Structures are given as structure tokens and as C-alpha cells.
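Text of entry_12.cif (mmCIF, C-alpha atoms) as supplied:
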data_final
#
loop_
_atom_site.group_PDB
_atom_site.id
_atom_site.type_symbol
_atom_site.label_atom_id
_atom_site.label_comp_id
_atom_site.auth_asym_id
_atom_site.auth_seq_id
_atom_site.Cartn_x
_atom_site.Cartn_y
_atom_site.Cartn_z
ATOM 1 C CA MET A 284 78.344 76.419 104.093
ATOM 2 C CA THR A 285 82.090 76.869 103.575
ATOM 3 C CA THR A 286 84.555 77.552 106.360
ATOM 4 C CA SER A 287 87.278 80.129 105.851
ATOM 5 C CA THR A 288 90.895 78.944 105.999
ATOM 6 C CA PRO A 289 92.710 80.330 109.059
ATOM 7 C CA ILE A 290 95.780 82.427 108.393
ATOM 8 C CA ASP A 291 99.198 81.652 109.855
ATOM 9 C CA VAL A 292 100.380 83.945 112.653
ATOM 10 C CA PRO A 293 104.195 84.086 112.924
ATOM 11 C CA ASP A 294 105.504 82.825 116.259
ATOM 12 C CA GLU A 295 107.795 85.855 116.456
ATOM 13 C CA PHE A 296 104.843 88.246 116.264
ATOM 14 C CA ALA A 297 102.851 86.301 118.854
ATOM 15 C CA ALA A 298 105.813 86.259 121.236
ATOM 16 C CA ALA A 299 106.626 89.942 120.773
ATOM 17 C CA TYR A 300 103.086 91.283 120.994
ATOM 18 C CA GLY A 301 101.363 88.885 123.360
ATOM 19 C CA GLY A 302 103.592 88.945 126.419
ATOM 20 C CA THR A 303 101.522 88.180 129.501
ATOM 21 C CA ASP A 304 98.609 90.532 128.770
ATOM 22 C CA ALA A 305 95.371 88.539 128.836
ATOM 23 C CA GLY A 306 93.591 90.757 126.305
ATOM 24 C CA ARG A 307 96.435 90.546 123.808
ATOM 25 C CA LEU A 308 96.719 86.783 124.231
ATOM 26 C CA ALA A 309 92.991 86.361 123.628
ATOM 27 C CA TRP A 310 93.204 88.498 120.479
ATOM 28 C CA LEU A 311 96.202 86.521 119.216
ATOM 29 C CA GLY A 312 94.328 83.291 119.827
ATOM 30 C CA ASP A 313 91.457 84.490 117.660
ATOM 31 C CA LEU A 314 93.655 86.107 115.000
ATOM 32 C CA PRO A 315 93.978 83.072 112.655
ATOM 33 C CA ARG A 316 90.168 82.811 112.446
ATOM 34 C CA LEU A 317 89.644 86.570 112.057
ATOM 35 C CA GLY A 318 92.269 86.877 109.327
ATOM 36 C CA GLY A 319 90.848 83.927 107.418
ATOM 37 C CA GLU A 320 87.333 85.328 107.666
ATOM 38 C CA LEU A 321 88.402 88.721 106.300
ATOM 39 C CA MET A 322 90.358 87.075 103.472
ATOM 40 C CA GLU A 323 87.201 85.241 102.418
ATOM 41 C CA ARG A 324 84.793 88.138 102.927
ATOM 42 C CA TRP A 325 86.884 90.568 100.863
ATOM 43 C CA GLY A 326 87.842 88.054 98.170
ATOM 44 C CA LEU A 327 91.570 88.055 98.905
ATOM 45 C CA ARG A 328 94.343 85.605 98.231
ATOM 46 C CA PRO A 329 97.894 85.615 99.655
ATOM 47 C CA ASP A 330 100.622 87.287 97.616
ATOM 48 C CA GLY A 331 103.816 87.001 99.618
ATOM 49 C CA SER A 332 105.197 86.658 103.102
ATOM 50 C CA SER A 333 103.623 88.404 106.065
ATOM 51 C CA ALA A 334 105.382 91.132 108.024
ATOM 52 C CA PHE A 335 104.729 92.649 111.408
ATOM 53 C CA GLY A 336 105.488 95.667 113.504
ATOM 54 C CA MET A 337 105.112 96.340 117.201
ATOM 55 C CA ALA A 338 101.341 95.798 117.252
ATOM 56 C CA SER A 339 100.075 94.718 113.828
ATOM 57 C CA LEU A 340 100.353 91.855 111.373
ATOM 58 C CA VAL A 341 100.467 92.801 107.685
ATOM 59 C CA LEU A 342 99.646 90.384 104.856
ATOM 60 C CA PRO A 343 100.291 91.193 101.177
ATOM 61 C CA VAL A 344 97.253 90.057 99.190
ATOM 62 C CA LEU A 345 95.595 90.241 95.793
ATOM 63 C CA ARG A 346 91.952 91.258 95.362
ATOM 64 C CA ASN A 347 89.575 89.408 93.054
ATOM 65 C CA ASP A 348 90.491 91.708 90.150
ATOM 66 C CA GLY A 349 94.221 91.131 90.705
ATOM 67 C CA THR A 350 94.864 94.495 92.397
ATOM 68 C CA PRO A 351 97.649 94.246 95.006
ATOM 69 C CA ALA A 352 96.669 95.336 98.508
ATOM 70 C CA VAL A 353 97.627 94.837 102.136
ATOM 71 C CA LEU A 354 95.509 93.284 104.874
ATOM 72 C CA ARG A 355 96.374 94.981 108.153
ATOM 73 C CA LEU A 356 95.374 93.083 111.291
ATOM 74 C CA GLN A 357 95.588 94.922 114.611
ATOM 75 C CA GLN A 358 93.869 94.767 117.950
ATOM 76 C CA LEU A 359 91.027 97.201 118.570
ATOM 77 C CA ARG A 360 92.293 99.669 121.155
ATOM 78 C CA GLU A 361 92.216 103.380 121.907
ATOM 79 C CA GLU A 362 94.995 104.178 119.431
ATOM 80 C CA THR A 363 93.403 102.266 116.528
ATOM 81 C CA VAL A 364 89.694 102.954 116.888
ATOM 82 C CA ASP A 365 89.766 106.125 114.734
ATOM 83 C CA ILE A 366 92.073 104.935 111.937
ATOM 84 C CA ALA A 367 89.314 104.335 109.398
ATOM 85 C CA ALA A 368 87.683 107.709 110.110
ATOM 86 C CA GLY A 369 91.022 109.432 109.612
ATOM 87 C CA LEU A 370 91.868 107.590 106.400
ATOM 88 C CA ARG A 371 88.434 108.373 104.973
ATOM 89 C CA ALA A 372 88.846 112.063 105.800
ATOM 90 C CA TRP A 373 92.277 112.183 104.111
ATOM 91 C CA ASP A 374 90.941 110.142 101.163
ATOM 92 C CA GLY A 375 94.417 109.137 99.991
ATOM 93 C CA ASP A 376 95.785 112.696 99.893
ATOM 94 C CA GLY A 377 99.363 112.170 101.066
ATOM 95 C CA ILE A 378 98.518 108.911 102.796
ATOM 96 C CA VAL A 379 97.710 105.281 102.011
ATOM 97 C CA ARG A 380 94.177 104.755 100.677
ATOM 98 C CA LEU A 381 91.629 102.735 102.664
ATOM 99 C CA LEU A 382 89.923 100.029 100.561
ATOM 100 C CA GLU A 383 87.922 98.095 103.150
ATOM 101 C CA HIS A 384 87.364 98.314 106.894
ATOM 102 C CA ASP A 385 85.969 95.899 109.469
ATOM 103 C CA GLU A 386 84.440 98.078 112.151
ATOM 104 C CA ALA A 387 84.134 95.315 114.752
ATOM 105 C CA SER A 388 87.858 94.537 114.738
ATOM 106 C CA SER A 389 89.331 97.804 113.312
ATOM 107 C CA CYS A 390 91.256 95.713 110.733
ATOM 108 C CA GLN A 391 91.721 97.285 107.308
ATOM 109 C CA LEU A 392 92.470 96.527 103.691
ATOM 110 C CA VAL A 393 94.671 99.278 102.234
ATOM 111 C CA GLU A 394 96.467 99.933 98.978
ATOM 112 C CA ARG A 395 99.892 98.351 98.708
ATOM 113 C CA LEU A 396 102.933 100.601 98.827
ATOM 114 C CA ASP A 397 106.625 99.718 98.524
ATOM 115 C CA ALA A 398 107.493 98.444 102.004
ATOM 116 C CA ALA A 399 111.103 97.895 100.916
ATOM 117 C CA ARG A 400 111.581 101.662 100.378
ATOM 118 C CA PRO A 401 110.752 103.637 103.541
ATOM 119 C CA LEU A 402 111.732 107.283 103.756
ATOM 120 C CA SER A 403 114.386 106.260 106.295
ATOM 121 C CA SER A 404 116.289 104.653 103.399
ATOM 122 C CA LEU A 405 116.753 108.019 101.664
ATOM 123 C CA PRO A 406 120.461 108.873 102.076
ATOM 124 C CA ASP A 407 120.001 112.653 102.259
ATOM 125 C CA GLU A 408 118.624 113.263 105.747
ATOM 126 C CA ARG A 409 117.739 116.892 105.024
ATOM 127 C CA GLU A 410 115.770 115.919 101.942
ATOM 128 C CA ALA A 411 113.971 113.303 104.040
ATOM 129 C CA VAL A 412 112.996 115.921 106.638
ATOM 130 C CA ARG A 413 111.581 118.194 103.932
ATOM 131 C CA ILE A 414 109.585 115.364 102.339
ATOM 132 C CA LEU A 415 108.138 114.424 105.700
ATOM 133 C CA ALA A 416 107.350 118.072 106.482
ATOM 134 C CA GLU A 417 105.522 118.524 103.183
ATOM 135 C CA LEU A 418 103.441 115.395 103.801
ATOM 136 C CA LEU A 419 102.678 116.546 107.320
ATOM 137 C CA ALA A 420 101.558 119.946 106.043
ATOM 138 C CA ARG A 421 99.069 118.262 103.714
ATOM 139 C CA LEU A 422 97.756 115.878 106.351
ATOM 140 C CA THR A 423 97.283 118.523 109.035
ATOM 141 C CA SER A 424 95.479 120.865 106.630
ATOM 142 C CA VAL A 425 92.428 118.580 106.874
ATOM 143 C CA PRO A 426 89.806 119.314 109.563
ATOM 144 C CA ALA A 427 89.401 116.426 111.977
ATOM 145 C CA PRO A 428 86.112 114.553 111.570
ATOM 146 C CA ALA A 429 83.666 114.676 114.448
ATOM 147 C CA GLY A 430 84.000 112.076 117.146
ATOM 148 C CA ILE A 431 87.711 111.209 117.035
ATOM 149 C CA ARG A 432 90.001 111.584 120.028
ATOM 150 C CA ARG A 433 90.886 115.159 120.942
ATOM 151 C CA LEU A 434 94.270 116.566 121.893
ATOM 152 C CA ALA A 435 92.466 118.787 124.396
ATOM 153 C CA ASP A 436 91.475 115.714 126.408
ATOM 154 C CA VAL A 437 94.861 113.998 126.028
ATOM 155 C CA ALA A 438 96.713 117.156 127.101
ATOM 156 C CA ALA A 439 94.480 117.817 130.107
ATOM 157 C CA ALA A 440 95.036 114.257 131.309
ATOM 158 C CA MET A 441 98.822 114.651 130.972
ATOM 159 C CA VAL A 442 98.852 117.840 133.053
ATOM 160 C CA GLU A 443 96.754 116.097 135.706
ATOM 161 C CA GLN A 444 99.073 113.046 135.819
ATOM 162 C CA THR A 445 102.324 115.009 136.094
ATOM 163 C CA PRO A 446 102.423 115.681 139.874
ATOM 164 C CA SER A 447 102.087 111.970 140.707
ATOM 165 C CA ALA A 448 104.796 111.040 138.173
ATOM 166 C CA LEU A 449 107.426 113.532 139.352
ATOM 167 C CA PRO A 450 108.610 111.620 142.454
ATOM 168 C CA ALA A 451 109.645 108.694 140.259
ATOM 169 C CA LEU A 452 112.417 110.770 138.643
ATOM 170 C CA ALA A 453 115.667 110.612 140.572
ATOM 171 C CA ASP A 454 117.228 113.824 139.199
ATOM 172 C CA PRO A 455 115.774 117.116 140.542
ATOM 173 C CA ALA A 456 116.737 118.864 137.283
ATOM 174 C CA GLU A 457 114.664 116.340 135.314
ATOM 175 C CA ARG A 458 111.717 116.840 137.652
ATOM 176 C CA ALA A 459 111.994 120.586 137.013
ATOM 177 C CA LEU A 460 112.071 120.011 133.265
ATOM 178 C CA LEU A 461 108.960 117.851 133.388
ATOM 179 C CA ARG A 462 107.179 120.531 135.423
ATOM 180 C CA ASP A 463 108.134 123.069 132.746
ATOM 181 C CA CYS A 464 106.744 120.792 130.031
ATOM 182 C CA ALA A 465 103.469 120.443 131.929
ATOM 183 C CA ALA A 466 103.283 124.217 132.412
ATOM 184 C CA ALA A 467 103.774 124.758 128.660
ATOM 185 C CA VAL A 468 100.926 122.352 127.896
ATOM 186 C CA ALA A 469 98.680 123.948 130.523
ATOM 187 C CA GLU A 470 99.062 127.301 128.737
ATOM 188 C CA LEU A 471 97.898 125.795 125.435
ATOM 189 C CA VAL A 472 95.301 123.232 126.455
ATOM 190 C CA ASP A 473 92.325 125.581 126.063
ATOM 191 C CA GLU A 474 93.266 126.135 122.398
ATOM 192 C CA ALA A 475 94.283 122.613 121.429
ATOM 193 C CA GLY A 476 93.238 122.842 117.757
ATOM 194 C CA ASP A 477 90.979 120.904 115.420
ATOM 195 C CA ARG A 478 93.234 119.666 112.609
ATOM 196 C CA LEU A 479 93.541 115.975 111.746
ATOM 197 C CA LEU A 480 96.863 114.768 113.171
ATOM 198 C CA HIS A 481 98.760 111.617 112.188
ATOM 199 C CA TRP A 482 100.422 111.408 115.639
ATOM 200 C CA ASP A 483 103.203 109.046 114.522
ATOM 201 C CA LEU A 484 104.669 110.360 111.250
ATOM 202 C CA HIS A 485 108.266 109.196 111.411
ATOM 203 C CA TYR A 486 110.482 108.141 108.516
ATOM 204 C CA ASP A 487 109.514 104.458 108.580
ATOM 205 C CA ASN A 488 105.843 105.433 108.393
ATOM 206 C CA VAL A 489 106.412 106.971 104.954
ATOM 207 C CA LEU A 490 106.764 104.559 102.022
ATOM 208 C CA ALA A 491 107.508 104.945 98.335
ATOM 209 C CA ALA A 492 104.451 104.552 96.096
ATOM 210 C CA GLU A 493 103.328 104.596 92.475
ATOM 211 C CA ARG A 494 100.595 107.236 92.462
ATOM 212 C CA GLU A 495 102.829 109.602 94.462
ATOM 213 C CA PRO A 496 106.543 109.427 95.246
ATOM 214 C CA TRP A 497 105.869 109.049 98.971
ATOM 215 C CA LEU A 498 102.794 108.298 101.083
ATOM 216 C CA ALA A 499 102.226 108.085 104.830
ATOM 217 C CA ILE A 500 100.987 104.943 106.578
ATOM 218 C CA ASP A 501 99.886 103.828 110.057
ATOM 219 C CA PRO A 502 98.196 106.945 111.468
ATOM 220 C CA GLU A 503 96.814 107.183 114.988
ATOM 221 C CA PRO A 504 94.319 109.979 114.256
ATOM 222 C CA LEU A 505 93.868 112.792 116.735
ATOM 223 C CA ALA A 506 92.089 116.156 116.534
ATOM 224 C CA GLY A 507 94.439 118.925 117.553
ATOM 225 C CA ASP A 508 97.216 121.434 116.893
ATOM 226 C CA PRO A 509 99.770 120.444 114.192
ATOM 227 C CA GLY A 510 102.558 121.423 116.595
ATOM 228 C CA PHE A 511 101.827 118.218 118.490
ATOM 229 C CA ASP A 512 102.745 116.212 115.376
ATOM 230 C CA LEU A 513 106.393 117.302 115.066
ATOM 231 C CA MET A 514 108.185 115.068 117.563
ATOM 232 C CA PRO A 515 108.490 111.885 115.422
ATOM 233 C CA ALA A 516 110.390 113.910 112.805
ATOM 234 C CA LEU A 517 112.711 115.272 115.502
ATOM 235 C CA ASP A 518 113.700 112.106 117.348
ATOM 236 C CA ASN A 519 113.923 109.656 114.420
ATOM 237 C CA ARG A 520 117.183 109.060 112.518
ATOM 238 C CA TRP A 521 118.768 110.255 115.745
ATOM 239 C CA GLU A 522 122.139 108.759 114.908
ATOM 240 C CA GLU A 523 122.437 111.338 112.120
ATOM 241 C CA VAL A 524 121.657 114.143 114.562
ATOM 242 C CA VAL A 525 124.440 112.930 116.846
ATOM 243 C CA ALA A 526 126.869 112.335 113.968
ATOM 244 C CA GLY A 527 126.717 116.033 113.027
ATOM 245 C CA GLY A 528 128.498 116.953 116.251
ATOM 246 C CA ASP A 529 126.033 119.650 117.376
ATOM 247 C CA VAL A 530 122.810 118.040 118.610
ATOM 248 C CA ALA A 531 121.040 121.261 119.559
ATOM 249 C CA ARG A 532 121.745 122.848 116.202
ATOM 250 C CA ALA A 533 120.527 119.774 114.306
ATOM 251 C CA VAL A 534 117.326 119.614 116.358
ATOM 252 C CA ARG A 535 116.621 123.296 115.754
ATOM 253 C CA TYR A 536 117.286 122.863 112.020
ATOM 254 C CA ARG A 537 114.655 120.147 111.813
ATOM 255 C CA PHE A 538 112.246 122.096 114.001
ATOM 256 C CA ASP A 539 112.670 125.311 112.005
ATOM 257 C CA LEU A 540 112.120 123.496 108.708
ATOM 258 C CA LEU A 541 108.995 121.757 110.004
ATOM 259 C CA THR A 542 107.454 124.921 111.416
ATOM 260 C CA GLU A 543 108.278 126.861 108.245
ATOM 261 C CA VAL A 544 106.756 124.296 105.872
ATOM 262 C CA LEU A 545 103.670 123.841 108.061
ATOM 263 C CA GLY A 546 103.323 127.596 108.647
ATOM 264 C CA LEU A 547 103.181 127.196 112.431
ATOM 265 C CA ASP A 548 103.566 129.736 115.191
ATOM 266 C CA ARG A 549 106.986 128.826 116.578
ATOM 267 C CA ARG A 550 106.183 129.487 120.232
ATOM 268 C CA ARG A 551 103.065 127.314 120.162
ATOM 269 C CA ALA A 552 104.949 124.594 118.307
ATOM 270 C CA VAL A 553 107.648 124.598 121.002
ATOM 271 C CA GLY A 554 104.953 124.245 123.662
ATOM 272 C CA TRP A 555 103.254 121.330 121.951
ATOM 273 C CA THR A 556 106.590 119.617 121.263
ATOM 274 C CA LEU A 557 107.383 119.889 124.963
ATOM 275 C CA GLY A 558 103.971 118.284 125.378
ATOM 276 C CA ARG A 559 105.240 115.294 123.422
ATOM 277 C CA VAL A 560 108.276 115.151 125.708
ATOM 278 C CA LEU A 561 105.853 115.140 128.624
ATOM 279 C CA GLN A 562 103.729 112.388 127.075
ATOM 280 C CA ASN A 563 106.698 110.164 126.274
ATOM 281 C CA SER A 564 108.144 110.720 129.737
ATOM 282 C CA LEU A 565 104.877 109.871 131.487
ATOM 283 C CA TRP A 566 104.733 106.631 129.500
ATOM 284 C CA ASP A 567 108.316 105.852 130.576
ATOM 285 C CA VAL A 568 107.470 106.468 134.224
ATOM 286 C CA GLU A 569 104.483 104.129 133.875
ATOM 287 C CA ASP A 570 106.936 101.519 132.615
ATOM 288 C CA GLY A 571 109.064 101.911 135.740
ATOM 289 C CA LYS A 572 111.788 104.235 134.444
ATOM 290 C CA THR A 573 113.405 106.677 136.893
ATOM 291 C CA ALA A 574 115.173 108.960 134.405
ATOM 292 C CA LEU A 575 114.160 110.859 131.294
ATOM 293 C CA ASP A 576 115.078 109.390 127.934
ATOM 294 C CA PRO A 577 118.310 111.135 126.790
ATOM 295 C CA VAL A 578 116.909 111.858 123.326
ATOM 296 C CA GLN A 579 113.752 113.475 124.727
ATOM 297 C CA LEU A 580 115.885 115.436 127.176
ATOM 298 C CA ALA A 581 118.168 116.690 124.395
ATOM 299 C CA ILE A 582 115.224 117.826 122.262
ATOM 300 C CA ALA A 583 113.590 119.635 125.164
ATOM 301 C CA GLU A 584 116.802 121.433 126.062
ATOM 302 C CA ALA A 585 117.463 122.426 122.443
ATOM 303 C CA LEU A 586 114.004 123.974 122.050
ATOM 304 C CA ARG A 587 113.896 125.641 125.473
ATOM 305 C CA ARG A 588 116.985 127.645 124.541
#

Write out the structure in this file as C-alpha cells.
Amino acid sequence: MTTSTPIDVPDEFAAAYGGTDAGRLAWLGDLPRLGGELMERWGLRPDGSSAFGMASLVLPVLRNDGTPAVLRLQQLREETVDIAAGLRAWDGDGIVRLLEHDEASSCQLVERLDAARPLSSLPDEREAVRILAELLARLTSVPAPAGIRRLADVAAAMVEQTPSALPALADPAERALLRDCAAAVAELVDEAGDRLLHWDLHYDNVLAAEREPWLAIDPEPLAGDPGFDLMPALDNRWEEVVAGGDVARAVRYRFDLLTEVLGLDRRRAVGWTLGRVLQNSLWDVEDGKTALDPVQLAIAEALRR
């Protein structure tokens, strides 16, 4: 019986992701064994240096037939449990193609794209917004498969959490804004939608590819209204929004383009985007913040007008 060769886990990734969380540290401790086992099981060999993001380690590999691919190692958690179901439902249409999946760990083998050419590298910001909008329109046209997380449940939980979060905000005007965001979500929660959402489609989660010019990566699948998927396209490349000199106008330009390409009802899309402001703000309060993020505040004010 042969023993698989453990993979190397970069110290920088372990330090950034592990922190003091016991579950993360346990997963990191087992990661060299898990990665080596998957390399052996799927007939993979290394083909370059590893890379990592906030919560995943990515290894470029070659399959037995020489096809380049990427082994994506990430901890099984609420945000990752439905990735394989989402990728299977999309079946490579506008998004990276799933090649293998380990259900026990949620780790995946996916086709290799050009990681050196994210959509954020495209100089023309307006062209980048349109490309992202067109990808998002394709992705959200797919019905969500049964069993994945539902926006209806996420939204109801946010509305319920809001009253206890409000006292943490020092500014009364910001507390009022958060109440308005919760009220907007409460109006929509009973019709939360059933489309397959990416949930994190920003410009660095779109890479250049060979079979299509651009493909999405790293979804966190959710069943819901496409209006809830707009925020990452609004708050990314923010320095270019600021550089234009009129933040509200730039935000509304992006929002109008997104809603037009996706064919969304503008009022509902505003409500669900305020829902993303609410979600991001609740996360910040959980982390001990006492003020709203200025970018989220600017987007909310631009759309409320």
C-alpha cells in the first residue's frame, strides 16, 4: 500500500487563515495530508507555484492526460458547501468548469484559467462593468438547484438581527440608515426569488480563459433574486469611482447598467442592494465596528436618492 505525498502549505496562508480559531487550525493541520490524498486519487502532479486567497489554497496541476487544471483546497463551511451543486448547475456556462469534487471536504478540481489576467486588470472600467454584467445575467438565468441555501432564509435572519445590532453604531443617522435597509429587505423577503446567484462576482473573480474570453470563479451559491448579486460590482474598483469626482453618479451608472443588462426591476434591485449593505454592516458590527463602512454608506445614499 502506497502513502500519498503531503503537499506543502505556505506559512503565509497558514498565518493569514488560521488565526486563533480552533476549527481553522485543525483544518490547516490536516491540509497537507488531504491535499496529498486528492493529488493521488485524481492522478495529479504539480505544475507551478501555489497561490492563496482569504480562505483557500490553489495548486496548479496537470491531470494524467496532461490537461492543466487547478486543485482548490478550502475548508468545508456554510459558504462552501453548495459550490459543487452550483457549478454543476451552471455546467461551465459563463463560469469555471468543475472536473472533480470531494464531497467530504468540499475541495474541487476545476479547469485552469489565466490567473494573471483578472477582469480588474482591464483598463477600461466601463467595459469591465459591462462584461461582468453580461456574465451575471447568464449566471442568474439558471434556476437554483434544490437544497442550496436560500436568500429568503438569509434575509429573514438579517431583519431579525438588526435591532440588536443598532446600538453598536455611534451615529444616529447611521442607525436610521440601517433601519431603512432592514425595512427594504422586510418588504421583499416573502418574494426572495429562485435564481442561482454567485454572491461574490467582483472583478477579481472573473478571469481570462481560452474557451471564452472571460469566466467567473469562486461562487458562493445562493437561491434568490438577482438584485442581491449586484453589490460586488458596485463596491469594487472603488478608487475609480472616487477618481471620477462624482461618487453618486458613478454608482448609479454602474447600477443602471447592471439592472439594464440583467433586465431587473429597478425598485426591487435597490431594495436587495440595500440588503447587501445591511448584510455587510451586520458583519462589521459582529467584528466590533461602531460605524458603517464609508463605501457601503456612499452606495446606500446614492441609491436611496

>> Applying the PyMOL selection byres ((chain A and resi 493-507) around 7) to the file I just gave you, which residues come out? Please list them as number ranges by chain.
In response: A: 362-363, 365-366, 369, 377-379, 427, 431-434, 475-483, 488-492, 508-509

>> Env of A:Ala448: 10 Å cut, atoms = only C-alpha atoms, seq-sep filter 6 positions within chain, self excluded. Answer as a ChimeraX atom specification.
In response: /A:458,461,564-569,573

>> Could you list, as a PyMOL selection string, every residue matched by the PyMOL selection byres ((chain A and resi 382-394) around 8) in this structure?
In response: chain A and resi 325+351-359+363-364+366-367+379-381+395-396

Suppose we keep C-alpha atoms; can you now write the selection as a PDB file, keeping the file's coordinate frame?
ATOM      1  CA  TRP A 325      86.884  90.568 100.863  1.00  0.00           C
ATOM      2  CA  PRO A 351      97.649  94.246  95.006  1.00  0.00           C
ATOM      3  CA  ALA A 352      96.669  95.336  98.508  1.00  0.00           C
ATOM      4  CA  VAL A 353      97.627  94.837 102.136  1.00  0.00           C
ATOM      5  CA  LEU A 354      95.509  93.284 104.874  1.00  0.00           C
ATOM      6  CA  ARG A 355      96.374  94.981 108.153  1.00  0.00           C
ATOM      7  CA  LEU A 356      95.374  93.083 111.291  1.00  0.00           C
ATOM      8  CA  GLN A 357      95.588  94.922 114.611  1.00  0.00           C
ATOM      9  CA  GLN A 358      93.869  94.767 117.950  1.00  0.00           C
ATOM     10  CA  LEU A 359      91.027  97.201 118.570  1.00  0.00           C
ATOM     11  CA  THR A 363      93.403 102.266 116.528  1.00  0.00           C
ATOM     12  CA  VAL A 364      89.694 102.954 116.888  1.00  0.00           C
ATOM     13  CA  ILE A 366      92.073 104.935 111.937  1.00  0.00           C
ATOM     14  CA  ALA A 367      89.314 104.335 109.398  1.00  0.00           C
ATOM     15  CA  VAL A 379      97.710 105.281 102.011  1.00  0.00           C
ATOM     16  CA  ARG A 380      94.177 104.755 100.677  1.00  0.00           C
ATOM     17  CA  LEU A 381      91.629 102.735 102.664  1.00  0.00           C
ATOM     18  CA  ARG A 395      99.892  98.351  98.708  1.00  0.00           C
ATOM     19  CA  LEU A 396     102.933 100.601  98.827  1.00  0.00           C
TER      20      LEU A 396
END

>> Could you tell me how far atom CA of A:Arg537 sits from atom CA of A:Leu561, in Å to one decimal place?
In response: 19.6 Å

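Of the listed residues A:Val292, A:Leu327, A:Ala416, A:Leu422, the one whose atoms come nearest to A:Leu311 is A:Val292, with distances taken using all atoms listed in the file.
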
Evaluate the PyMOL selection byres ((chain A and resi 445) around 10) and record the selected residues as a PDB file with C-alpha atoms, in the coordinates of the input, following the chain and residue labels used in the document.
ATOM      1  CA  ALA A 440      95.036 114.257 131.309  1.00  0.00           C
ATOM      2  CA  MET A 441      98.822 114.651 130.972  1.00  0.00           C
ATOM      3  CA  VAL A 442      98.852 117.840 133.053  1.00  0.00           C
ATOM      4  CA  GLU A 443      96.754 116.097 135.706  1.00  0.00           C
ATOM      5  CA  GLN A 444      99.073 113.046 135.819  1.00  0.00           C
ATOM      6  CA  PRO A 446     102.423 115.681 139.874  1.00  0.00           C
ATOM      7  CA  SER A 447     102.087 111.970 140.707  1.00  0.00           C
ATOM      8  CA  ALA A 448     104.796 111.040 138.173  1.00  0.00           C
ATOM      9  CA  LEU A 449     107.426 113.532 139.352  1.00  0.00           C
ATOM     10  CA  PRO A 450     108.610 111.620 142.454  1.00  0.00           C
ATOM     11  CA  ARG A 458     111.717 116.840 137.652  1.00  0.00           C
ATOM     12  CA  LEU A 461     108.960 117.851 133.388  1.00  0.00           C
ATOM     13  CA  ARG A 462     107.179 120.531 135.423  1.00  0.00           C
ATOM     14  CA  CYS A 464     106.744 120.792 130.031  1.00  0.00           C
ATOM     15  CA  ALA A 465     103.469 120.443 131.929  1.00  0.00           C
ATOM     16  CA  ALA A 466     103.283 124.217 132.412  1.00  0.00           C
ATOM     17  CA  LEU A 561     105.853 115.140 128.624  1.00  0.00           C
ATOM     18  CA  GLN A 562     103.729 112.388 127.075  1.00  0.00           C
ATOM     19  CA  SER A 564     108.144 110.720 129.737  1.00  0.00           C
ATOM     20  CA  LEU A 565     104.877 109.871 131.487  1.00  0.00           C
TER      21      LEU A 565
END

>> Rounded to one decimal, what separation in Å do you get between atom CA of A:Ala338 and atom CA of A:Pro401?
In response: 18.4 Å

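Remark: for A:Leu460, the closest of the candidate residues A:Asp313, A:Asp512, A:Asp291, A:Glu584 is A:Glu584 (distances computed over all atoms listed in the file).
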
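Relative to atom CA of A:Trp373, atom CA of A:Arg421 is found at 9.1 Å.
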
>> Taking only C-alpha atoms into account, name the residue in A:Ala399, A:His485, A:Gly558, A:Glu320 that is nearest to A:Leu418.
In response: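 Ranking A:Ala399, A:His485, A:Gly558, A:Glu320 by distance to A:Leu418, first place goes to A:His485.
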
>> Given only C-alpha atoms as the basis, pick out the residue of A:Asn563, A:Leu415, A:Arg307, A:Val472 nearest to A:Ala439.
In response: A:Val472
